Amino acid sequence: MKFQHLALSMIAAGLLAACSSAPNQNGQGAAVEDRSSGAASSGIDGNRVTTVNAGDGANGAAYPELRDPKNILSKRSVLFDYDSYVIKDQYRPLVEAHAKFLVAHPKVKMMIQGNTDERGSREYNLALGQKRADAVKKALGLLGVSEAQLESVSLGEEKPSCTDASETCWAANRRGDMLYSGEF
């Protein structure tokens, strides 16, 4: 477990360092990646967390309900409106189910990953992704989940579930993903 926290800390430090906006040799800000070309693939890829197979994780074998597609606990994504970090009413039962599970299993930990679509600067998207992750974390905490069980992190626009430049795709990328111990 300590190794996982150390690894996550190192990844977070690397992300922050990569996102710094130190001036380049010409005294200008950091370079910005051009995404306007057709270089990105289209369609939905396998990165979106909706239903997971927790059987391979450390806690998966002990908790089959986490991988049962008929169980609400197998659903892991909370979608958000554009430029928002307010949890929609339709996702409250999902958050409540995960809170109930975590309260019943106090040794199980969860990481909430906040995601955004590609629009906006990297800095803005990292901040918005963190607000989304923190919103889910706060909701779980208000439902009785221990602070020690929860961690929130922003992935910004770096883990898209869809890469088309369309509203449908952007909507799928505006999410908070809930991952249990052994899945991150």
# chains A, B, ... in the order shown; residues from 1 in each chain; ligands from 1
$ residues_around --residues "Leu179 of chain A" --least-positions-apart "5" --cutoff "7 Å" --atoms "only C-alpha atoms" --output "VMD selection string"
chain A and resid 110 to 112 184
$ write_last_selection --atoms "C-alpha atoms" --output "compact mmCIF listing (two decimals), in the first residue's frame"
# COMPACT_ATOMS: atom_id res chain seq x y z
CA MET A 110 -11.19 4.60 -3.46
CA MET A 111 -9.49 6.99 -5.85
CA ILE A 112 -11.67 9.46 -7.71
CA PHE A 184 -5.34 2.04 -9.69
$ select_by_dssp --residues "segment 72-165 of chain A" --states "strand (DSSP E or B)" --output "ChimeraX atom specification"
/A:75,77-79,110-115,150-156,162
$ write_last_selection --atoms "all heavy atoms" --output "CSV table (one decimal), in the first residue's frame"
chain,number,residue,atom,x,y,z
A,75,LYS,N,-20.8,0.2,-11.9
A,75,LYS,CA,-20.8,1.5,-12.7
A,75,LYS,C,-19.9,2.5,-11.9
A,75,LYS,O,-20.0,2.6,-10.7
A,75,LYS,CB,-22.2,2.1,-12.8
A,75,LYS,CG,-23.2,1.1,-13.4
A,75,LYS,CD,-22.9,0.7,-14.8
A,75,LYS,CE,-24.0,-0.2,-15.3
A,75,LYS,NZ,-23.5,-1.5,-15.7
A,77,SER,N,-18.6,5.8,-13.3
A,77,SER,CA,-18.5,7.2,-13.9
A,77,SER,C,-19.7,8.1,-13.5
A,77,SER,O,-20.8,7.7,-13.7
A,77,SER,CB,-18.3,7.2,-15.4
A,77,SER,OG,-17.1,6.6,-15.7
A,78,VAL,N,-19.3,9.3,-13.1
A,78,VAL,CA,-20.3,10.3,-12.8
A,78,VAL,C,-20.0,11.4,-13.9
A,78,VAL,O,-18.9,11.9,-14.0
A,78,VAL,CB,-20.1,11.0,-11.4
A,78,VAL,CG1,-21.1,12.2,-11.2
A,78,VAL,CG2,-20.4,9.9,-10.3
A,79,LEU,N,-21.0,11.7,-14.8
A,79,LEU,CA,-20.8,12.6,-15.8
A,79,LEU,C,-21.3,14.0,-15.4
A,79,LEU,O,-22.2,14.2,-14.6
A,79,LEU,CB,-21.6,12.2,-17.1
A,79,LEU,CG,-21.2,10.9,-17.7
A,79,LEU,CD1,-22.0,10.6,-18.9
A,79,LEU,CD2,-19.7,10.8,-18.0
A,110,MET,N,-10.7,4.2,-2.1
A,110,MET,CA,-11.2,4.6,-3.5
A,110,MET,C,-10.4,5.8,-3.9
A,110,MET,O,-10.1,6.7,-3.1
A,110,MET,CB,-12.7,5.0,-3.4
A,110,MET,CG,-13.2,5.5,-4.8
A,110,MET,SD,-14.9,6.0,-4.7
A,110,MET,CE,-15.7,4.5,-4.9
A,111,MET,N,-10.1,5.8,-5.2
A,111,MET,CA,-9.5,7.0,-5.8
A,111,MET,C,-10.5,7.5,-6.8
A,111,MET,O,-11.1,6.8,-7.6
A,111,MET,CB,-8.2,6.7,-6.6
A,111,MET,CG,-7.7,7.9,-7.3
A,111,MET,SD,-6.2,7.6,-8.3
A,111,MET,CE,-5.0,7.4,-7.0
A,112,ILE,N,-10.8,8.8,-6.8
A,112,ILE,CA,-11.7,9.5,-7.7
A,112,ILE,C,-10.8,10.3,-8.7
A,112,ILE,O,-10.0,11.1,-8.3
A,112,ILE,CB,-12.7,10.4,-7.0
A,112,ILE,CG1,-13.5,9.6,-6.0
A,112,ILE,CG2,-13.6,11.0,-8.0
A,112,ILE,CD1,-13.2,9.9,-4.6
A,113,GLN,N,-11.0,10.0,-10.0
A,113,GLN,CA,-10.2,10.7,-11.0
A,113,GLN,C,-11.1,11.6,-11.7
A,113,GLN,O,-12.1,11.2,-12.3
A,113,GLN,CB,-9.6,9.7,-12.0
A,113,GLN,CG,-8.7,8.7,-11.4
A,113,GLN,CD,-8.2,7.7,-12.4
A,113,GLN,OE1,-8.9,7.4,-13.4
A,113,GLN,NE2,-7.0,7.1,-12.2
A,114,GLY,N,-10.8,12.9,-11.7
A,114,GLY,CA,-11.6,13.9,-12.4
A,114,GLY,C,-11.1,14.1,-13.8
A,114,GLY,O,-9.9,14.3,-14.0
A,115,ASN,N,-12.0,14.2,-14.7
A,115,ASN,CA,-11.6,14.3,-16.2
A,115,ASN,C,-12.4,15.4,-16.8
A,115,ASN,O,-13.5,15.8,-16.4
A,115,ASN,CB,-12.0,13.0,-16.9
A,115,ASN,CG,-11.2,11.8,-16.3
A,115,ASN,OD1,-10.1,11.6,-16.8
A,115,ASN,ND2,-11.8,11.1,-15.4
A,150,LEU,N,-10.6,7.9,1.0
A,150,LEU,CA,-10.8,8.6,-0.3
A,150,LEU,C,-9.6,9.4,-0.7
A,150,LEU,O,-8.9,10.0,0.1
A,150,LEU,CB,-12.0,9.5,-0.2
A,150,LEU,CG,-13.3,8.8,0.2
A,150,LEU,CD1,-14.4,9.9,0.5
A,150,LEU,CD2,-13.8,7.9,-0.9
A,151,GLU,N,-9.3,9.4,-2.0
A,151,GLU,CA,-8.3,10.2,-2.6
A,151,GLU,C,-8.8,10.8,-3.9
A,151,GLU,O,-9.5,10.0,-4.6
A,151,GLU,CB,-7.0,9.4,-2.8
A,151,GLU,CG,-5.9,10.2,-3.4
A,151,GLU,CD,-4.6,9.4,-3.5
A,151,GLU,OE1,-4.5,8.3,-3.0
A,151,GLU,OE2,-3.6,10.0,-4.1
A,152,SER,N,-8.6,12.0,-4.2
A,152,SER,CA,-9.1,12.6,-5.4
A,152,SER,C,-7.9,13.1,-6.2
A,152,SER,O,-6.9,13.7,-5.6
A,152,SER,CB,-10.1,13.7,-5.2
A,152,SER,OG,-9.5,14.8,-4.4
A,153,VAL,N,-7.9,13.0,-7.5
A,153,VAL,CA,-6.8,13.4,-8.4
A,153,VAL,C,-7.5,13.9,-9.7
A,153,VAL,O,-8.5,13.4,-10.1
A,153,VAL,CB,-5.8,12.3,-8.6
A,153,VAL,CG1,-6.4,11.1,-9.3
A,153,VAL,CG2,-4.6,12.8,-9.3
A,154,SER,N,-6.8,14.9,-10.3
A,154,SER,CA,-7.3,15.4,-11.6
A,154,SER,C,-6.4,14.8,-12.7
A,154,SER,O,-5.2,14.8,-12.6
A,154,SER,CB,-7.2,16.9,-11.7
A,154,SER,OG,-7.5,17.3,-13.0
A,155,LEU,N,-7.1,14.3,-13.7
A,155,LEU,CA,-6.4,13.9,-14.9
A,155,LEU,C,-6.6,14.9,-16.1
A,155,LEU,O,-6.0,14.7,-17.1
A,155,LEU,CB,-6.8,12.5,-15.4
A,155,LEU,CG,-6.6,11.3,-14.4
A,155,LEU,CD1,-7.1,10.0,-14.9
A,155,LEU,CD2,-5.1,11.2,-14.0
A,156,GLY,N,-7.4,15.9,-15.8
A,156,GLY,CA,-7.7,16.9,-16.8
A,156,GLY,C,-8.2,16.2,-18.1
A,156,GLY,O,-9.1,15.4,-18.0
A,162,CYS,N,-13.4,9.2,-25.4
A,162,CYS,CA,-13.8,9.4,-26.7
A,162,CYS,C,-12.9,10.6,-27.3
A,162,CYS,O,-12.6,11.5,-26.6
A,162,CYS,CB,-15.3,9.8,-26.8
A,162,CYS,SG,-16.0,10.0,-28.4
$ closest_residue --among "A:Glu96, A:Asp89, A:Asp68, A:Glu167" --to "Leu140 of chain A" --atoms "only C-alpha atoms"
A:Glu96
$ closest_residue --among "A:Arg175, A:Lys107, A:His98, A:Lys70" --to "Leu128 of chain A" --atoms "only C-alpha atoms"
A:Arg175
$ closest_residue --among "A:Ala104, A:Cys169, A:Val136, A:Val145" --to "Ile87 of chain A" --atoms "only C-alpha atoms"
A:Val136
$ atom_distance --atom1 "atom CA of Leu102 of chain A" --atom2 "atom CA of Pro160 of chain A"
26.8 Å
$ closest_residue --among "A:Val95, A:Lys88, A:Val103, A:Arg132" --to "Ser74 of chain A" --atoms "only C-alpha atoms"
A:Val95
$ select_by_dssp --residues "segment 32-183 of chain A" --states "alpha helix (DSSP H)" --output "PyMOL selection string"
chain A and resi 92-104+122-142+167-173
$ atom_distance --atom1 "atom CA of Gly144 of chain A" --atom2 "atom CA of Pro64 of chain A"
22.5 Å
$ closest_residue --among "A:Leu126, A:Leu142, A:Ala99, A:Ile72" --to "Lys159 of chain A" --atoms "only C-alpha atoms"
A:Leu126
$ atom_distance --atom1 "atom CA of Ser161 of chain A" --atom2 "atom CA of Asn173 of chain A"
5.7 Å
$ decode --residues "segment 87-124 of chain A" --atoms "N, CA, C and O atoms" --output "PDB file, in the first residue's frame"
ATOM      1  N   ILE A  87     -22.717  17.547  -9.143  1.00  0.00           N
ATOM      2  CA  ILE A  87     -23.190  16.189  -9.427  1.00  0.00           C
ATOM      3  C   ILE A  87     -24.674  16.253  -9.765  1.00  0.00           C
ATOM      4  O   ILE A  87     -25.485  16.761  -8.993  1.00  0.00           O
ATOM      5  N   LYS A  88     -25.023  15.728 -10.928  1.00  0.00           N
ATOM      6  CA  LYS A  88     -26.416  15.731 -11.387  1.00  0.00           C
ATOM      7  C   LYS A  88     -27.236  14.743 -10.547  1.00  0.00           C
ATOM      8  O   LYS A  88     -26.719  13.734 -10.076  1.00  0.00           O
ATOM      9  N   ASP A  89     -28.519  15.040 -10.418  1.00  0.00           N
ATOM     10  CA  ASP A  89     -29.423  14.190  -9.630  1.00  0.00           C
ATOM     11  C   ASP A  89     -29.421  12.742 -10.104  1.00  0.00           C
ATOM     12  O   ASP A  89     -29.544  11.828  -9.298  1.00  0.00           O
ATOM     13  N   GLN A  90     -29.273  12.522 -11.395  1.00  0.00           N
ATOM     14  CA  GLN A  90     -29.324  11.161 -11.923  1.00  0.00           C
ATOM     15  C   GLN A  90     -28.167  10.297 -11.410  1.00  0.00           C
ATOM     16  O   GLN A  90     -28.248   9.074 -11.467  1.00  0.00           O
ATOM     17  N   TYR A  91     -27.080  10.918 -10.913  1.00  0.00           N
ATOM     18  CA  TYR A  91     -25.930  10.150 -10.418  1.00  0.00           C
ATOM     19  C   TYR A  91     -25.918   9.998  -8.899  1.00  0.00           C
ATOM     20  O   TYR A  91     -25.062   9.315  -8.354  1.00  0.00           O
ATOM     21  N   ARG A  92     -26.871  10.590  -8.212  1.00  0.00           N
ATOM     22  CA  ARG A  92     -26.914  10.479  -6.756  1.00  0.00           C
ATOM     23  C   ARG A  92     -27.078   9.039  -6.284  1.00  0.00           C
ATOM     24  O   ARG A  92     -26.391   8.628  -5.343  1.00  0.00           O
ATOM     25  N   PRO A  93     -27.967   8.224  -6.893  1.00  0.00           N
ATOM     26  CA  PRO A  93     -28.069   6.831  -6.445  1.00  0.00           C
ATOM     27  C   PRO A  93     -26.750   6.062  -6.608  1.00  0.00           C
ATOM     28  O   PRO A  93     -26.408   5.216  -5.770  1.00  0.00           O
ATOM     29  N   LEU A  94     -26.000   6.365  -7.658  1.00  0.00           N
ATOM     30  CA  LEU A  94     -24.710   5.721  -7.882  1.00  0.00           C
ATOM     31  C   LEU A  94     -23.729   6.095  -6.775  1.00  0.00           C
ATOM     32  O   LEU A  94     -23.069   5.231  -6.178  1.00  0.00           O
ATOM     33  N   VAL A  95     -23.645   7.380  -6.469  1.00  0.00           N
ATOM     34  CA  VAL A  95     -22.743   7.840  -5.410  1.00  0.00           C
ATOM     35  C   VAL A  95     -23.175   7.267  -4.062  1.00  0.00           C
ATOM     36  O   VAL A  95     -22.342   6.817  -3.266  1.00  0.00           O
ATOM     37  N   GLU A  96     -24.470   7.244  -3.805  1.00  0.00           N
ATOM     38  CA  GLU A  96     -24.978   6.686  -2.545  1.00  0.00           C
ATOM     39  C   GLU A  96     -24.648   5.202  -2.409  1.00  0.00           C
ATOM     40  O   GLU A  96     -24.290   4.746  -1.321  1.00  0.00           O
ATOM     41  N   ALA A  97     -24.765   4.449  -3.492  1.00  0.00           N
ATOM     42  CA  ALA A  97     -24.443   3.018  -3.449  1.00  0.00           C
ATOM     43  C   ALA A  97     -22.966   2.803  -3.133  1.00  0.00           C
ATOM     44  O   ALA A  97     -22.613   1.930  -2.318  1.00  0.00           O
ATOM     45  N   HIS A  98     -22.088   3.590  -3.752  1.00  0.00           N
ATOM     46  CA  HIS A  98     -20.653   3.460  -3.477  1.00  0.00           C
ATOM     47  C   HIS A  98     -20.338   3.894  -2.046  1.00  0.00           C
ATOM     48  O   HIS A  98     -19.494   3.283  -1.382  1.00  0.00           O
ATOM     49  N   ALA A  99     -21.025   4.911  -1.548  1.00  0.00           N
ATOM     50  CA  ALA A  99     -20.820   5.348  -0.163  1.00  0.00           C
ATOM     51  C   ALA A  99     -21.232   4.248   0.804  1.00  0.00           C
ATOM     52  O   ALA A  99     -20.503   3.941   1.762  1.00  0.00           O
ATOM     53  N   LYS A 100     -22.365   3.643   0.562  1.00  0.00           N
ATOM     54  CA  LYS A 100     -22.846   2.561   1.432  1.00  0.00           C
ATOM     55  C   LYS A 100     -21.851   1.400   1.448  1.00  0.00           C
ATOM     56  O   LYS A 100     -21.552   0.839   2.501  1.00  0.00           O
ATOM     57  N   PHE A 101     -21.312   1.065   0.283  1.00  0.00           N
ATOM     58  CA  PHE A 101     -20.326  -0.014   0.197  1.00  0.00           C
ATOM     59  C   PHE A 101     -19.069   0.345   0.990  1.00  0.00           C
ATOM     60  O   PHE A 101     -18.546  -0.460   1.760  1.00  0.00           O
ATOM     61  N   LEU A 102     -18.570   1.567   0.802  1.00  0.00           N
ATOM     62  CA  LEU A 102     -17.345   1.983   1.488  1.00  0.00           C
ATOM     63  C   LEU A 102     -17.529   2.061   3.002  1.00  0.00           C
ATOM     64  O   LEU A 102     -16.635   1.691   3.766  1.00  0.00           O
ATOM     65  N   VAL A 103     -18.689   2.517   3.457  1.00  0.00           N
ATOM     66  CA  VAL A 103     -18.964   2.571   4.894  1.00  0.00           C
ATOM     67  C   VAL A 103     -18.991   1.155   5.470  1.00  0.00           C
ATOM     68  O   VAL A 103     -18.479   0.900   6.559  1.00  0.00           O
ATOM     69  N   ALA A 104     -19.550   0.211   4.721  1.00  0.00           N
ATOM     70  CA  ALA A 104     -19.617  -1.185   5.175  1.00  0.00           C
ATOM     71  C   ALA A 104     -18.264  -1.888   5.119  1.00  0.00           C
ATOM     72  O   ALA A 104     -18.067  -2.912   5.765  1.00  0.00           O
ATOM     73  N   HIS A 105     -17.331  -1.349   4.339  1.00  0.00           N
ATOM     74  CA  HIS A 105     -15.995  -1.943   4.173  1.00  0.00           C
ATOM     75  C   HIS A 105     -14.943  -0.870   4.445  1.00  0.00           C
ATOM     76  O   HIS A 105     -14.321  -0.352   3.508  1.00  0.00           O
ATOM     77  N   PRO A 106     -14.695  -0.531   5.712  1.00  0.00           N
ATOM     78  CA  PRO A 106     -13.828   0.599   6.052  1.00  0.00           C
ATOM     79  C   PRO A 106     -12.353   0.440   5.675  1.00  0.00           C
ATOM     80  O   PRO A 106     -11.626   1.428   5.662  1.00  0.00           O
ATOM     81  N   LYS A 107     -11.917  -0.743   5.308  1.00  0.00           N
ATOM     82  CA  LYS A 107     -10.519  -0.931   4.906  1.00  0.00           C
ATOM     83  C   LYS A 107     -10.325  -0.747   3.402  1.00  0.00           C
ATOM     84  O   LYS A 107      -9.198  -0.700   2.923  1.00  0.00           O
ATOM     85  N   VAL A 108     -11.414  -0.650   2.664  1.00  0.00           N
ATOM     86  CA  VAL A 108     -11.344  -0.472   1.211  1.00  0.00           C
ATOM     87  C   VAL A 108     -11.139   1.008   0.910  1.00  0.00           C
ATOM     88  O   VAL A 108     -11.759   1.875   1.522  1.00  0.00           O
ATOM     89  N   LYS A 109     -10.270   1.288  -0.041  1.00  0.00           N
ATOM     90  CA  LYS A 109      -9.975   2.671  -0.431  1.00  0.00           C
ATOM     91  C   LYS A 109     -10.458   2.933  -1.860  1.00  0.00           C
ATOM     92  O   LYS A 109     -10.563   2.011  -2.660  1.00  0.00           O
ATOM     93  N   MET A 110     -10.724   4.191  -2.132  1.00  0.00           N
ATOM     94  CA  MET A 110     -11.186   4.599  -3.464  1.00  0.00           C
ATOM     95  C   MET A 110     -10.393   5.818  -3.928  1.00  0.00           C
ATOM     96  O   MET A 110     -10.116   6.720  -3.148  1.00  0.00           O
ATOM     97  N   MET A 111     -10.059   5.810  -5.207  1.00  0.00           N
ATOM     98  CA  MET A 111      -9.487   6.989  -5.845  1.00  0.00           C
ATOM     99  C   MET A 111     -10.512   7.517  -6.842  1.00  0.00           C
ATOM    100  O   MET A 111     -11.056   6.750  -7.640  1.00  0.00           O
ATOM    101  N   ILE A 112     -10.770   8.816  -6.766  1.00  0.00           N
ATOM    102  CA  ILE A 112     -11.675   9.464  -7.711  1.00  0.00           C
ATOM    103  C   ILE A 112     -10.823  10.264  -8.678  1.00  0.00           C
ATOM    104  O   ILE A 112     -10.031  11.111  -8.263  1.00  0.00           O
ATOM    105  N   GLN A 113     -10.977   9.975  -9.969  1.00  0.00           N
ATOM    106  CA  GLN A 113     -10.209  10.662 -11.008  1.00  0.00           C
ATOM    107  C   GLN A 113     -11.132  11.640 -11.739  1.00  0.00           C
ATOM    108  O   GLN A 113     -12.132  11.229 -12.319  1.00  0.00           O
ATOM    109  N   GLY A 114     -10.792  12.921 -11.689  1.00  0.00           N
ATOM    110  CA  GLY A 114     -11.574  13.949 -12.372  1.00  0.00           C
ATOM    111  C   GLY A 114     -11.066  14.147 -13.784  1.00  0.00           C
ATOM    112  O   GLY A 114      -9.861  14.250 -14.011  1.00  0.00           O
ATOM    113  N   ASN A 115     -11.978  14.177 -14.736  1.00  0.00           N
ATOM    114  CA  ASN A 115     -11.634  14.298 -16.159  1.00  0.00           C
ATOM    115  C   ASN A 115     -12.404  15.432 -16.811  1.00  0.00           C
ATOM    116  O   ASN A 115     -13.496  15.795 -16.376  1.00  0.00           O
ATOM    117  N   THR A 116     -11.843  15.945 -17.906  1.00  0.00           N
ATOM    118  CA  THR A 116     -12.487  17.013 -18.675  1.00  0.00           C
ATOM    119  C   THR A 116     -12.402  16.682 -20.160  1.00  0.00           C
ATOM    120  O   THR A 116     -11.678  15.769 -20.559  1.00  0.00           O
ATOM    121  N   ASP A 117     -13.122  17.459 -20.957  1.00  0.00           N
ATOM    122  CA  ASP A 117     -12.923  17.338 -22.400  1.00  0.00           C
ATOM    123  C   ASP A 117     -11.699  18.156 -22.781  1.00  0.00           C
ATOM    124  O   ASP A 117     -11.064  18.785 -21.930  1.00  0.00           O
ATOM    125  N   GLU A 118     -11.346  18.163 -24.049  1.00  0.00           N
ATOM    126  CA  GLU A 118     -10.091  18.792 -24.477  1.00  0.00           C
ATOM    127  C   GLU A 118     -10.163  20.311 -24.588  1.00  0.00           C
ATOM    128  O   GLU A 118      -9.146  20.968 -24.766  1.00  0.00           O
ATOM    129  N   ARG A 119     -11.350  20.873 -24.512  1.00  0.00           N
ATOM    130  CA  ARG A 119     -11.479  22.325 -24.652  1.00  0.00           C
ATOM    131  C   ARG A 119     -10.957  23.016 -23.387  1.00  0.00           C
ATOM    132  O   ARG A 119     -11.112  22.509 -22.295  1.00  0.00           O
ATOM    133  N   GLY A 120     -10.332  24.131 -23.550  1.00  0.00           N
ATOM    134  CA  GLY A 120      -9.760  24.859 -22.420  1.00  0.00           C
ATOM    135  C   GLY A 120      -8.271  24.566 -22.303  1.00  0.00           C
ATOM    136  O   GLY A 120      -7.759  23.601 -22.868  1.00  0.00           O
ATOM    137  N   SER A 121      -7.576  25.404 -21.561  1.00  0.00           N
ATOM    138  CA  SER A 121      -6.134  25.217 -21.380  1.00  0.00           C
ATOM    139  C   SER A 121      -5.872  24.021 -20.477  1.00  0.00           C
ATOM    140  O   SER A 121      -6.753  23.580 -19.737  1.00  0.00           O
ATOM    141  N   ARG A 122      -4.670  23.507 -20.516  1.00  0.00           N
ATOM    142  CA  ARG A 122      -4.298  22.384 -19.648  1.00  0.00           C
ATOM    143  C   ARG A 122      -4.473  22.746 -18.181  1.00  0.00           C
ATOM    144  O   ARG A 122      -4.963  21.951 -17.394  1.00  0.00           O
ATOM    145  N   GLU A 123      -4.056  23.964 -17.807  1.00  0.00           N
ATOM    146  CA  GLU A 123      -4.170  24.406 -16.425  1.00  0.00           C
ATOM    147  C   GLU A 123      -5.634  24.463 -15.995  1.00  0.00           C
ATOM    148  O   GLU A 123      -5.988  24.021 -14.901  1.00  0.00           O
ATOM    149  N   TYR A 124      -6.477  25.033 -16.850  1.00  0.00           N
ATOM    150  CA  TYR A 124      -7.903  25.116 -16.537  1.00  0.00           C
ATOM    151  C   TYR A 124      -8.500  23.723 -16.397  1.00  0.00           C
ATOM    152  O   TYR A 124      -9.254  23.448 -15.464  1.00  0.00           O
TER     153      TYR A 124
END
